[in-house]
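Asker: Contents of protein.cif (mmCIF, C-alpha atoms and all ligand atoms):
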```
data_input
loop_
_atom_site.label_atom_id
_atom_site.label_comp_id
_atom_site.auth_asym_id
_atom_site.auth_seq_id
_atom_site.Cartn_x
_atom_site.Cartn_y
_atom_site.Cartn_z
CA MET A 24 213.87 -1.48 245.48
CA PRO A 25 212.92 2.12 244.81
CA VAL A 26 209.47 1.80 246.33
CA PRO A 27 207.11 2.62 248.12
CA ARG A 28 206.83 5.20 245.46
CA THR A 29 204.73 7.55 243.50
CA SER A 30 201.41 6.01 242.83
CA ALA A 31 198.63 6.72 240.42
CA PHE A 32 196.42 4.73 242.80
CA PRO A 33 192.92 6.09 242.25
CA ALA A 34 192.35 8.53 244.97
CA GLY A 35 189.19 7.15 246.53
CA PRO A 36 188.60 9.89 249.03
CA PRO A 37 190.94 12.75 248.23
CA GLY A 38 193.69 13.24 250.76
CA SER A 39 193.30 16.96 250.80
CA ALA A 40 189.88 18.09 251.89
CA GLY A 41 189.60 21.87 251.89
CA PRO A 42 189.68 23.82 255.15
CA VAL A 43 185.90 23.81 255.46
CA GLY A 44 185.77 20.10 254.68
CA ARG A 45 188.48 19.47 257.26
CA LEU A 46 186.62 21.44 259.89
CA VAL A 47 183.35 19.67 259.10
CA GLY A 48 185.13 16.32 259.09
CA ALA A 49 186.86 17.02 262.38
CA LEU A 50 183.54 17.90 263.97
CA VAL A 51 181.37 15.18 262.50
CA SER A 52 183.61 12.14 262.31
CA PRO A 53 183.81 11.49 266.09
CA ILE A 54 180.00 11.62 266.17
CA LEU A 55 179.39 9.66 262.99
CA ASN A 56 182.03 6.99 263.47
CA PRO A 57 180.12 4.88 266.02
CA ILE A 58 176.89 4.99 264.00
CA LEU A 59 178.33 4.28 260.59
CA SER A 60 178.60 0.54 260.54
CA PRO A 61 174.85 -0.11 260.27
CA LEU A 62 174.75 2.28 257.31
CA VAL A 63 177.15 0.18 255.35
CA SER A 64 174.56 -2.51 255.00
CA PRO A 65 173.76 -4.62 251.95
CA LEU A 66 170.82 -2.29 251.23
CA ALA A 67 173.04 0.78 251.39
CA LYS A 68 175.54 -1.00 249.17
CA SER A 69 172.96 -1.73 246.49
CA LEU A 70 171.65 1.86 246.59
CA ALA A 71 175.13 3.28 246.26
CA THR A 72 176.21 1.15 243.29
CA PRO A 73 178.44 1.60 241.30
CA LEU A 74 180.27 3.33 244.16
CA ALA A 75 180.38 1.79 247.62
CA PRO A 76 178.68 3.63 250.53
CA ASP A 77 182.14 3.91 251.95
CA ASP A 78 183.16 6.06 248.98
CA TYR A 79 180.46 8.65 249.83
CA LEU A 80 181.53 8.67 253.46
CA GLY A 81 185.08 9.28 252.32
CA LEU A 82 183.89 12.32 250.38
CA ILE A 83 182.38 13.80 253.56
CA ASP A 84 185.59 13.16 255.44
CA PRO A 85 188.51 10.93 254.34
CA LEU A 86 188.69 9.61 257.92
CA LEU A 87 185.27 8.02 257.53
CA SER A 88 186.44 5.67 254.79
CA ALA A 89 187.16 2.12 255.85
CA ARG A 90 188.20 1.07 252.34
CA HIS A 91 190.90 3.72 252.02
CA PRO A 92 192.22 4.28 255.55
CA ALA A 93 193.42 7.77 256.28
CA GLY A 94 194.57 9.79 259.24
CA ARG A 95 194.57 13.46 260.15
CA VAL A 96 197.73 15.07 261.46
CA VAL A 97 196.86 16.64 264.81
CA ALA A 98 200.33 17.84 265.80
CA VAL A 99 203.80 18.19 264.35
CA ARG A 100 206.58 18.30 266.93
CA PRO A 101 210.14 19.17 265.94
CA GLU A 102 212.68 16.67 267.21
CA CYS A 103 216.42 17.12 266.80
CA ALA A 104 217.71 18.82 263.64
CA GLY A 105 215.88 17.76 260.50
CA ALA A 106 213.43 15.44 262.23
CA ALA A 107 209.84 15.78 263.36
CA THR A 108 207.21 13.66 265.02
CA LEU A 109 203.79 13.65 263.41
CA GLU A 110 200.89 12.80 265.64
CA ILE A 111 198.10 11.29 263.55
CA ARG A 112 194.52 10.52 264.42
CA PRO A 113 193.63 7.50 262.31
CA GLY A 114 190.16 7.16 260.86
CA ARG A 115 187.69 4.28 260.62
CA GLY A 116 189.83 2.03 258.45
CA TRP A 117 192.76 1.81 260.85
CA ALA A 118 193.09 -1.73 262.20
CA GLY A 119 195.75 -1.07 264.84
CA HIS A 120 199.38 -2.11 265.18
CA ARG A 121 201.83 -4.02 267.31
CA ALA A 122 204.75 -2.24 268.99
CA GLY A 123 207.63 -2.03 266.51
CA GLN A 124 205.59 -2.28 263.31
CA TYR A 125 205.66 0.17 260.41
CA LEU A 126 203.00 1.50 258.09
CA PRO A 127 202.86 2.81 254.53
CA VAL A 128 202.02 6.51 254.49
CA GLY A 129 200.52 8.12 251.37
CA VAL A 130 201.38 11.78 251.00
CA GLU A 131 200.00 14.07 248.34
CA ILE A 132 202.58 16.49 246.99
CA ASP A 133 201.61 18.74 244.07
CA GLY A 134 198.64 16.54 243.28
CA VAL A 135 200.61 13.28 243.16
CA ARG A 136 200.41 10.70 245.90
CA HIS A 137 203.69 9.20 247.08
CA TRP A 138 203.99 6.25 249.42
CA ARG A 139 206.74 5.81 251.96
CA THR A 140 207.10 3.57 254.96
CA TYR A 141 207.51 4.78 258.56
CA SER A 142 207.88 2.97 261.84
CA ILE A 143 205.20 3.68 264.39
CA THR A 144 206.78 5.27 267.43
CA SER A 145 203.74 5.19 269.70
CA PRO A 146 202.33 2.26 271.69
CA PRO A 147 199.37 0.35 270.23
CA LEU A 148 196.19 2.39 270.57
CA ALA A 149 194.70 -0.16 272.93
CA GLU A 150 197.56 0.54 275.32
CA ALA A 151 197.69 4.32 275.01
CA PRO A 152 195.38 7.13 276.02
CA GLY A 153 193.78 9.10 273.20
CA ARG A 154 193.32 7.75 269.73
CA THR A 155 196.50 8.87 268.01
CA LEU A 156 199.63 7.24 266.68
CA THR A 157 202.99 8.84 265.96
CA ILE A 158 205.68 8.52 263.34
CA THR A 159 209.04 10.27 263.54
CA VAL A 160 210.55 11.27 260.24
CA LYS A 161 214.19 12.17 259.69
CA GLU A 162 214.61 14.39 256.67
CA ASP A 163 216.62 13.11 253.72
CA PRO A 164 217.52 16.48 252.17
CA GLY A 165 217.61 14.97 248.67
CA GLY A 166 214.38 13.04 249.16
CA ARG A 167 210.87 13.90 248.05
CA VAL A 168 208.60 12.91 250.91
CA SER A 169 210.57 13.22 254.14
CA PRO A 170 211.33 16.99 253.75
CA HIS A 171 207.64 17.52 253.02
CA LEU A 172 206.60 15.64 256.15
CA VAL A 173 209.19 17.32 258.36
CA HIS A 174 208.94 20.92 257.13
CA ARG A 175 205.71 21.44 255.22
CA THR A 176 203.10 19.30 256.93
CA ARG A 177 200.72 21.13 259.25
CA PRO A 178 198.04 19.99 261.69
CA GLY A 179 194.89 19.25 259.72
CA ALA A 180 196.70 17.58 256.83
CA VAL A 181 195.27 14.23 255.77
CA LEU A 182 197.58 11.30 255.05
CA ARG A 183 196.58 7.96 253.57
CA LEU A 184 197.56 5.05 255.80
CA GLY A 185 198.36 1.49 254.77
CA PRO A 186 197.97 -1.38 257.23
CA ALA A 187 200.58 -1.79 259.95
CA GLN A 188 202.98 -4.59 259.21
CA GLY A 189 206.34 -6.13 260.03
CA GLU A 190 207.63 -8.76 262.41
CA PHE A 191 210.22 -6.55 264.12
CA THR A 192 208.02 -6.39 267.17
CA LEU A 193 207.82 -7.12 270.86
CA PRO A 194 206.95 -10.77 271.46
CA GLU A 195 203.21 -11.06 272.00
CA ALA A 196 203.29 -13.73 274.68
CA SER A 197 206.02 -13.68 277.29
CA LEU A 198 208.93 -11.29 277.10
CA PRO A 199 212.50 -12.59 277.28
CA SER A 200 214.21 -11.85 280.56
CA ARG A 201 217.07 -9.96 278.89
CA MET A 202 216.74 -7.77 275.81
CA LEU A 203 219.23 -5.72 273.80
CA MET A 204 218.30 -3.00 271.33
CA VAL A 205 221.07 -1.82 268.99
CA THR A 206 220.11 1.25 266.98
CA ALA A 207 221.72 4.00 264.97
CA GLY A 208 220.36 7.26 263.60
CA SER A 209 216.66 7.14 262.70
CA GLY A 210 216.81 3.38 263.25
CA ILE A 211 215.78 4.11 266.80
CA THR A 212 212.17 4.73 265.73
CA PRO A 213 210.71 1.20 265.90
CA VAL A 214 212.61 0.58 269.13
CA ALA A 215 211.22 3.80 270.60
CA GLY A 216 207.75 2.39 269.90
CA MET A 217 208.67 -0.80 271.75
CA LEU A 218 210.30 0.96 274.71
CA ARG A 219 207.35 3.32 275.12
CA THR A 220 205.06 0.31 275.07
CA LEU A 221 207.14 -1.52 277.66
CA ALA A 222 207.34 1.58 279.84
CA ARG A 223 203.58 1.99 279.69
CA ARG A 224 202.96 -1.69 280.45
CA ARG A 225 205.48 -2.00 283.22
CA GLY A 226 205.51 1.48 284.68
CA GLY A 227 208.63 0.48 286.55
CA ARG A 228 206.78 -2.12 288.59
CA GLY A 229 206.43 -5.86 288.48
CA PRO A 230 208.72 -8.36 286.75
CA ALA A 231 210.21 -6.60 283.77
CA PRO A 232 212.84 -7.69 281.31
CA ASP A 233 216.29 -6.22 281.70
CA VAL A 234 216.58 -3.97 278.63
CA VAL A 235 219.76 -2.39 277.28
CA LEU A 236 219.47 0.21 274.53
CA LEU A 237 222.72 0.83 272.68
CA HIS A 238 222.33 3.80 270.37
CA SER A 239 224.75 5.39 267.95
CA ALA A 240 224.36 8.97 266.72
CA PRO A 241 226.75 11.61 265.40
CA GLY A 242 226.45 13.53 268.70
CA PRO A 243 224.01 14.16 271.55
CA ASP A 244 222.10 16.76 269.53
CA GLU A 245 221.28 14.17 266.87
CA PHE A 246 220.17 11.50 269.36
CA LEU A 247 216.42 11.22 268.69
CA PHE A 248 214.32 11.08 271.88
CA ARG A 249 217.43 11.52 274.05
CA ALA A 250 215.78 13.57 276.82
CA GLU A 251 212.76 11.27 277.00
CA LEU A 252 214.91 8.14 277.09
CA ALA A 253 217.12 9.64 279.78
CA ALA A 254 214.00 10.36 281.84
CA LEU A 255 212.72 6.82 281.32
CA GLU A 256 216.09 5.38 282.30
CA ALA A 257 216.05 7.44 285.50
CA GLU A 258 212.53 6.24 286.29
CA LEU A 259 212.67 2.60 285.24
CA PRO A 260 215.18 0.33 286.99
CA TRP A 261 215.09 -2.22 284.19
CA LEU A 262 216.16 0.14 281.41
CA SER A 263 219.76 1.07 280.61
CA VAL A 264 220.51 3.55 277.79
CA ARG A 265 224.05 3.64 276.43
CA ALA A 266 224.94 6.16 273.75
CA ARG A 267 227.91 6.05 271.44
CA TYR A 268 228.68 9.23 269.57
CA THR A 269 230.48 8.79 266.29
CA ARG A 270 231.98 12.30 266.25
CA THR A 271 233.95 11.59 269.39
CA ALA A 272 234.12 7.79 269.66
CA GLY A 273 233.92 6.64 266.03
CA ARG A 274 231.42 4.29 264.46
CA LEU A 275 229.75 1.56 266.41
CA VAL A 276 231.09 -1.82 265.29
CA PRO A 277 230.13 -5.23 266.68
CA GLU A 278 233.56 -5.69 268.22
CA HIS A 279 232.57 -3.01 270.76
CA MET A 280 229.81 -5.23 272.09
CA GLY A 281 231.99 -6.98 274.63
CA VAL A 282 232.64 -3.65 276.37
CA LEU A 283 229.28 -1.98 275.80
CA CYS A 284 227.12 -4.95 276.74
CA PRO A 285 229.22 -7.90 277.93
CA ASP A 286 226.35 -10.45 277.84
CA TRP A 287 225.17 -9.38 274.36
CA TYR A 288 225.19 -12.89 272.89
CA GLU A 289 222.78 -14.13 275.59
CA ARG A 290 220.24 -11.38 275.00
CA GLU A 291 217.31 -11.43 272.60
CA THR A 292 218.35 -8.61 270.30
CA TRP A 293 216.60 -6.11 268.02
CA ALA A 294 218.75 -3.99 265.69
CA CYS A 295 217.83 -1.18 263.31
CA GLY A 296 220.18 1.21 261.57
CA PRO A 297 222.34 1.61 258.48
CA GLU A 298 222.84 -1.39 256.24
CA GLY A 299 226.57 -1.67 256.99
CA LEU A 300 225.97 -1.88 260.72
CA LEU A 301 223.19 -4.44 260.34
CA ASP A 302 225.27 -6.62 258.00
CA ALA A 303 228.17 -6.52 260.45
CA LEU A 304 225.92 -7.36 263.40
CA GLU A 305 224.44 -10.31 261.52
CA ARG A 306 227.92 -11.69 260.78
CA HIS A 307 229.02 -11.14 264.38
CA TRP A 308 225.97 -12.78 265.92
CA ALA A 309 226.18 -15.70 263.47
CA ALA A 310 229.87 -16.22 264.25
CA ALA A 311 229.03 -16.38 267.95
CA GLY A 312 226.30 -18.95 267.28
CA ALA A 313 223.69 -16.41 268.41
CA GLY A 314 222.20 -15.64 265.00
CA GLU A 315 218.73 -16.81 265.94
CA ARG A 316 218.61 -14.28 268.79
CA LEU A 317 219.12 -11.30 266.45
CA ARG A 318 216.23 -9.61 264.59
CA VAL A 319 217.00 -6.75 262.23
CA GLU A 320 214.82 -4.10 260.62
CA ARG A 321 216.12 -2.53 257.42
CA PHE A 322 214.93 0.83 256.14
CA ARG A 323 216.27 -0.02 252.68
CA PRO A 324 214.30 -2.62 250.76
CA THR A 325 215.96 -5.33 248.67
CA PRO A 326 217.01 -3.65 245.41
CA LEU A 327 215.34 -4.74 242.21
CA LEU A 328 217.41 -5.85 239.25
CA PRO A 329 218.43 -3.14 236.81
CA GLU A 330 216.14 -2.71 233.84
CA ASP A 331 216.64 -5.47 231.29
CA PRO A 332 215.89 -4.23 227.75
CA GLU A 333 216.08 -7.83 226.48
CA ALA A 334 213.33 -9.09 228.79
CA PRO A 335 209.94 -8.98 227.09
CA GLY A 336 207.08 -7.52 229.06
CA GLY A 337 203.53 -8.23 228.00
CA ARG A 338 199.92 -7.22 227.96
CA VAL A 339 198.35 -7.82 231.35
CA ARG A 340 194.64 -8.29 231.87
CA PHE A 341 193.09 -7.58 235.25
CA GLU A 342 190.17 -9.96 234.95
CA HIS A 343 187.76 -8.65 237.58
CA SER A 344 188.36 -5.00 236.79
CA GLY A 345 188.04 -5.46 233.05
CA VAL A 346 191.21 -3.44 232.58
CA GLU A 347 194.14 -4.21 230.29
CA ALA A 348 197.53 -2.51 230.24
CA ASP A 349 200.96 -2.92 228.73
CA ALA A 350 203.33 -4.13 231.42
CA PRO A 351 207.01 -3.40 230.84
CA ALA A 352 209.17 -6.31 232.01
CA SER A 353 211.04 -4.34 234.68
CA VAL A 354 208.04 -2.60 236.24
CA PRO A 355 206.31 -4.33 239.17
CA LEU A 356 202.81 -5.48 238.25
CA LEU A 357 201.56 -3.54 241.26
CA GLU A 358 202.68 -0.28 239.66
CA THR A 359 201.33 -1.28 236.25
CA GLY A 360 197.93 -2.01 237.79
CA GLU A 361 197.82 1.17 239.86
CA ALA A 362 198.81 3.28 236.86
CA ALA A 363 195.97 1.67 234.91
CA GLY A 364 193.49 2.55 237.65
CA VAL A 365 193.04 -0.93 239.12
CA VAL A 366 192.47 -1.05 242.89
CA MET A 367 195.45 -3.23 243.72
CA PRO A 368 196.03 -4.86 247.10
CA TYR A 369 199.35 -3.68 248.48
CA GLY A 370 201.44 -3.88 251.59
CA CYS A 371 205.08 -3.02 252.22
CA ARG A 372 205.81 -2.64 248.49
CA ARG A 373 209.16 -4.29 248.99
CA GLY A 374 208.52 -7.98 248.77
CA LEU A 375 208.34 -8.71 252.47
CA CYS A 376 204.78 -8.70 253.69
CA PHE A 377 202.85 -10.51 250.93
CA GLY A 378 200.08 -7.93 251.24
CA CYS A 379 200.01 -7.49 247.45
CA LEU A 380 199.33 -11.11 246.47
CA ALA A 381 197.15 -11.67 243.43
CA PRO A 382 196.21 -15.02 241.84
CA LEU A 383 197.65 -15.62 238.39
CA VAL A 384 195.05 -16.74 235.84
CA HIS A 385 197.56 -17.51 233.12
CA GLY A 386 200.97 -16.40 231.88
CA ARG A 387 204.41 -16.08 233.42
CA VAL A 388 206.07 -13.46 235.62
CA ARG A 389 209.65 -12.49 236.43
CA ASP A 390 210.89 -11.98 239.99
CA LEU A 391 212.51 -8.56 239.77
CA ARG A 392 214.90 -9.35 242.63
CA THR A 393 216.33 -12.57 241.24
CA GLY A 394 215.35 -12.67 237.55
CA GLU A 395 213.65 -16.04 238.10
CA LEU A 396 210.75 -16.80 235.74
CA HIS A 397 207.74 -18.48 237.30
CA GLY A 398 203.98 -18.71 237.22
CA GLU A 399 201.40 -21.47 237.26
CA PRO A 400 197.66 -20.86 236.99
CA GLY A 401 196.38 -20.12 240.47
CA GLU A 402 199.81 -19.20 241.85
CA LEU A 403 199.72 -16.19 244.18
CA ILE A 404 201.97 -13.51 242.72
CA GLN A 405 203.70 -10.86 244.78
CA THR A 406 202.86 -8.02 242.46
CA CYS A 407 205.25 -5.54 244.09
CA VAL A 408 208.35 -7.54 243.10
CA ASN A 409 207.25 -9.34 239.93
CA GLY A 410 207.03 -8.00 236.40
CA ALA A 411 205.38 -9.43 233.31
CA ALA A 412 207.19 -12.10 231.29
CA GLY A 413 204.84 -12.13 228.33
CA PRO A 414 201.05 -11.72 228.24
CA LEU A 415 199.29 -12.67 231.44
CA ALA A 416 196.09 -12.29 233.41
CA LEU A 417 195.56 -11.64 237.11
CA ALA A 418 192.36 -12.34 239.04
CA LEU A 419 191.94 -8.76 240.18
C1 LIG B 501 210.42 -0.59 257.25
C2 LIG B 501 210.84 0.86 257.09
C3 LIG B 501 210.68 1.72 258.16
C4 LIG B 501 211.09 3.04 258.04
N1 LIG B 501 210.93 3.87 259.10
C5 LIG B 501 211.37 5.14 259.03
C6 LIG B 501 211.23 6.01 260.16
O1 LIG B 501 210.68 5.64 261.20
N2 LIG B 501 211.72 7.28 260.04
C7 LIG B 501 212.32 7.72 258.89
O2 LIG B 501 212.74 8.88 258.86
N3 LIG B 501 212.45 6.92 257.81
C8 LIG B 501 211.98 5.64 257.84
N4 LIG B 501 212.09 4.84 256.75
C9 LIG B 501 212.63 5.40 255.50
C10 LIG B 501 211.50 6.09 254.71
O3 LIG B 501 210.58 5.12 254.25
C11 LIG B 501 211.98 6.86 253.47
O4 LIG B 501 212.77 6.00 252.70
C12 LIG B 501 212.76 8.10 253.81
O5 LIG B 501 211.95 8.98 254.58
C13 LIG B 501 213.23 8.83 252.55
O6 LIG B 501 212.11 9.14 251.75
P1 LIG B 501 212.15 10.41 250.80
O7 LIG B 501 210.92 10.39 249.98
O8 LIG B 501 212.45 11.65 251.53
O9 LIG B 501 213.39 10.13 249.87
P2 LIG B 501 213.37 9.50 248.34
O10 LIG B 501 212.64 10.48 247.48
O11 LIG B 501 212.83 8.17 248.46
O12 LIG B 501 214.87 9.55 248.05
C14 LIG B 501 215.79 8.80 248.86
C15 LIG B 501 217.21 9.13 248.41
O13 LIG B 501 217.37 8.70 247.07
C16 LIG B 501 217.86 9.76 246.30
N5 LIG B 501 217.21 9.69 244.99
C17 LIG B 501 215.90 9.77 244.74
N6 LIG B 501 215.68 9.64 243.43
C18 LIG B 501 216.87 9.51 242.84
C19 LIG B 501 217.31 9.35 241.50
N7 LIG B 501 216.45 9.30 240.50
N8 LIG B 501 218.64 9.24 241.28
C20 LIG B 501 219.51 9.28 242.29
N9 LIG B 501 219.17 9.42 243.58
C21 LIG B 501 217.86 9.55 243.84
C22 LIG B 501 217.48 11.04 247.00
O14 LIG B 501 218.41 12.07 246.75
C23 LIG B 501 217.49 10.63 248.44
O15 LIG B 501 218.74 10.84 249.00
C24 LIG B 501 211.67 3.52 256.84
C25 LIG B 501 211.81 2.65 255.76
C26 LIG B 501 211.40 1.32 255.88
C27 LIG B 501 211.55 0.40 254.71
#
```
As structure tokens, please, write out the structure in this file.

Answerer:
Amino acid sequence: MPVPRTSAFPAGPPGSAGPVGRLVGALVSPILNPILSPLVSPLAKSLATPLAPDDYLGLIDPLLSARHPAGRVVAVRPECAGAATLEIRPGRGWAGHRAGQYLPVGVEIDGVRHWRTYSITSPPLAEAPGRTLTITVKEDPGGRVSPHLVHRTRPGAVLRLGPAQGEFTLPEASLPSRMLMVTAGSGITPVAGMLRTLARRRGGRGPAPDVVLLHSAPGPDEFLFRAELAALEAELPWLSVRARYTRTAGRLVPEHMGVLCPDWYERETWACGPEGLLDALERHWAAAGAGERLRVERFRPTPLLPEDPEAPGGRVRFEHSGVEADAPASVPLLETGEAAGVVMPYGCRRGLCFGCLAPLVHGRVRDLRTGELHGEPGELIQTCVNGAAGPLALAL
């Protein structure tokens, strides 16, 4: 599915405060943050109508807005060729994350906001010093957002942040005694977040799981975080890092597992990398009867069906917003609503997280992944993967 994508989502607080605004924001937000909550009282809300008090705070500094979470880039660190780590100080609206989760990032380029998804490579804020999180972006030279983040984003830039999400995470309760991470290319990012979290928690002491990281990269120069991981491996007796370089050893295939990690099928496993590798790993694990021990994270969302000129769209009414718009059949209702200026709930924008659910008042929708028609009054519709199938109304 070609989203997260360009969005006409009404800006709320603009993502690009001027230099003076940024300076003022940087100075005042640490002071104002702790004293803001009482301000956002029912009285303040009634005085601020039709805007919310939060909207005014967001105008002072985007980081003060709880309704439209944002973060300020405080550092950009080059990684290996074509990749960079962005250190971001999230504002008031940031609700935290679990190790391994990803977040939608809204980036303004030439006045248009684009949304993309990035894994969080830093430990949860509660477990890390400072109040920053990191993402590591590998440039796709033909892409729109990743080259901007890697090459043209400077400290001080403001990014919109969606809520952290995803279940490709470290178990919350007890950790398995043996873990295997299989990663390739930029697929190492969520695992880096988990390993950094484990390293911080364990610090090399106490009972720790036995963790094997098996990473594939074209060569050592393209191995993201290689020096840091080598240092962690030297320090932490429970961590073993095994690299496989495709330029010299060929592609990593599941059949190599027996040599690279002989007890692979007994380990709880996390895998992230190119689709072909993940598909092959899933088949291999399933064939060994170990399918339930394998979790995968895919950077490519499920594709939507090609546009169907025969499928009728419809007029959609957003009941609470009082907005109506024509909804083409093959366009997700989320995009139709955002383009019409409706404040739409959203999440991963790829049909996984259910963060975009909206109750259907009447009408029918089409699942843009399967073509299935459905819709009963009151049904919760995933607006990011459903288009209109005739006139309909949503309770938004
Ligand atoms: C859960 C998740 C986690 C992720 N984590 C990370 C991470 O930690 N690090 C990371 O680097 N990436 C990550 N990604 C990938 C990231 O979200 C982006 O997809 C990636 O950065 C590319 O975005 P882009 O805007 O540069 O490219 P896009 O503009 O989205 O383009 C992608 C490709 O499509 C091609 N393309 C675009 N439009 C067209 C068109 N009209 N016709 C033909 N081809 C076209 C482009 O040439 C390009 O090669 C993650 C993705 C997911 C889903």

Asker: So what do you get for CA of Ile111 in chain A versus CA of Cys295 in chain A, distance-wise?

Answerer: 23.3 Å

Asker: Which residues are near range 392-400 of chain A? Cut-off 6 Å, all atoms listed in the file, ignore same chain within fewer than 5 positions. Put them as a ChimeraX atom specification.

Answerer: /A:327-328,383-385,387

Asker: With distances taken over all atoms listed in the file, which of A:His137, A:His238, A:Arg306, A:Arg121 is nearest to ligand LIG 501 (chain B)?

Answerer: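 Ranked by minimum distance to ligand LIG 501 (chain B), first place goes to A:His137.
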
Asker: Ranking A:Pro326, A:Gly134, A:Pro199, A:Gly114 by minimum distance to ligand LIG 501 (chain B) and counting only C-alpha atoms and all ligand atoms, which one comes first?

Answerer: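 Between A:Pro326, A:Gly134, A:Pro199, A:Gly114, the residue approaching ligand LIG 501 (chain B) most closely is A:Pro326.
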
Asker: For the contact check between chain A and ligand LIG 501 (chain B), emit one row per residue of chain A within 6 Å, containing the shortest atom pair and the distance in Å rounded to one decimal, counting only C-alpha atoms and all ligand atoms, chain then rising number order, as CSV.

Answerer:
```
residue,atom,partner,partner_atom,distance
A:Tyr125,CA,B:LIG501,C3,5.7
A:Arg139,CA,B:LIG501,O3,4.5
A:Thr140,CA,B:LIG501,O3,3.9
A:Tyr141,CA,B:LIG501,N1,3.6
A:Ser142,CA,B:LIG501,O1,3.9
A:Thr159,CA,B:LIG501,N2,5.3
A:Val160,CA,B:LIG501,O2,3.5
A:Lys161,CA,B:LIG501,O2,3.7
A:Asp163,CA,B:LIG501,O8,4.9
A:Gly165,CA,B:LIG501,O14,3.6
A:Gly166,CA,B:LIG501,O9,3.2
A:Arg167,CA,B:LIG501,O10,3.9
A:Val168,CA,B:LIG501,O7,3.5
A:Ser169,CA,B:LIG501,O8,3.6
A:Pro170,CA,B:LIG501,O8,5.9
A:Ser209,CA,B:LIG501,N2,5.6
A:Thr212,CA,B:LIG501,O1,4.9
A:Phe322,CA,B:LIG501,C26,3.6
A:Arg323,CA,B:LIG501,C27,5.2
A:Pro324,CA,B:LIG501,C27,5.7
```

Asker: Kindly give the distance, in Å, that separates CA of Arg270 in chain A and CA of Ser239 in chain A, rounded to a single decimal.

Answerer: 10.1 Å

Asker: At what distance in Å, to one decimal, does CA of Ala381 in chain A lie from CA of Val365 in chain A?

Answerer: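 Separating CA of Val365 in chain A from CA of Ala381 in chain A is a distance of 12.3 Å.
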
Asker: Could you tell me which of A:Met367, A:Val128, A:Leu391, A:Ala215 comes closest to Ala411 in chain A if we count all atoms listed in the file?

Answerer: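 Using all atoms listed in the file, the shortest distance to Ala411 in chain A belongs to A:Leu391.
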
Asker: Tell me which protein, DNA and RNA residues are within 6 Å of Gly216 in chain A, counting only C-alpha atoms, leaving out same-chain ones fewer than 2 positions away, and put them as a PyMOL selection string.

Answerer: chain A and resi 122-123+144-146+213-214+218-219

Asker: Taking every listed atom of range 286-305 of chain A and adding 3 Å to each side, what centre and edge lengths in Å (one decimal) does the axis-aligned box have, as JSON?

Answerer:
```
{"center_x": 222.4, "center_y": -6.3, "center_z": 267.0, "size_x": 17.6, "size_y": 21.7, "size_z": 27.6}
```

Asker: Smallest atom-to-atom distance to Gly94 in chain A: which of A:Asp349, A:Glu298, A:Glu150, A:Glu110, using all atoms listed in the file?

Answerer: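 Distance minimum relative to Gly94 in chain A lands on A:Glu110.
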
Asker: Quick one: residues within 10 Å of Val99 in chain A, all atoms listed in the file counted, chain neighbours fewer than 5 positions away excluded, as a list in words?

Answerer: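 Counting all atoms listed in the file, the residues come to Ala107, Thr108, Leu109, Glu110, Ile111, Thr157, Ile158, Thr159, Leu172, Val173, His174, Arg175, Thr176, Arg177 and Pro178 of chain A.
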
Asker: Using all atoms listed in the file, can you tell me which of A:Trp293, A:Tyr369, A:Trp138, A:Phe246 comes closest to Trp308 in chain A?

Answerer: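 The answer is A:Trp293, which sits nearest to Trp308 in chain A.
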
Asker: Please tell me which residues are no farther than 12 Å from (215.8, 3.2, 287.0) in the file, counting only C-alpha atoms, and write them as a short mmCIF file (atom, residue, chain, number, x, y, z; two decimals) with C-alpha atoms, in the coordinates of the input.

Answerer:
```
data_model
loop_
_atom_site.label_atom_id
_atom_site.label_comp_id
_atom_site.auth_asym_id
_atom_site.auth_seq_id
_atom_site.Cartn_x
_atom_site.Cartn_y
_atom_site.Cartn_z
CA ALA A 222 207.34 1.58 279.84
CA GLY A 226 205.51 1.48 284.68
CA GLY A 227 208.63 0.48 286.55
CA ARG A 228 206.78 -2.12 288.59
CA ALA A 231 210.21 -6.60 283.77
CA ASP A 233 216.29 -6.22 281.70
CA VAL A 234 216.58 -3.97 278.63
CA VAL A 235 219.76 -2.39 277.28
CA LEU A 252 214.91 8.14 277.09
CA ALA A 253 217.12 9.64 279.78
CA ALA A 254 214.00 10.36 281.84
CA LEU A 255 212.72 6.82 281.32
CA GLU A 256 216.09 5.38 282.30
CA ALA A 257 216.05 7.44 285.50
CA GLU A 258 212.53 6.24 286.29
CA LEU A 259 212.67 2.60 285.24
CA PRO A 260 215.18 0.33 286.99
CA TRP A 261 215.09 -2.22 284.19
CA LEU A 262 216.16 0.14 281.41
CA SER A 263 219.76 1.07 280.61
CA VAL A 264 220.51 3.55 277.79
#
```

Asker: So that I can see what lies close to range 407-409 of chain A, please list as an MDAnalysis selection string the residues with an atom at most 9 Å from it, counting all atoms listed in the file and leaving out residues fewer than 6 positions away in the same chain.

Answerer: chainID A and resid 24 26 327 352:358 369:374 377 379:380 388:392

Asker: Any idea what's packed within 7 Å of Arg318 in chain A, counting only C-alpha atoms, ignoring anything in its chain fewer than 3 positions away? Could you give it as a PDB file with C-alpha atoms, in the frame of the given file?

Answerer:
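So the final result, stored in part.pdb, reads:
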```pdb
ATOM      1  CA  PHE A 191     210.220  -6.550 264.120  1.00  0.00           C
ATOM      2  CA  THR A 292     218.350  -8.610 270.300  1.00  0.00           C
ATOM      3  CA  TRP A 293     216.600  -6.110 268.020  1.00  0.00           C
ATOM      4  CA  ALA A 294     218.750  -3.990 265.690  1.00  0.00           C
TER       5      ALA A 294
END
```
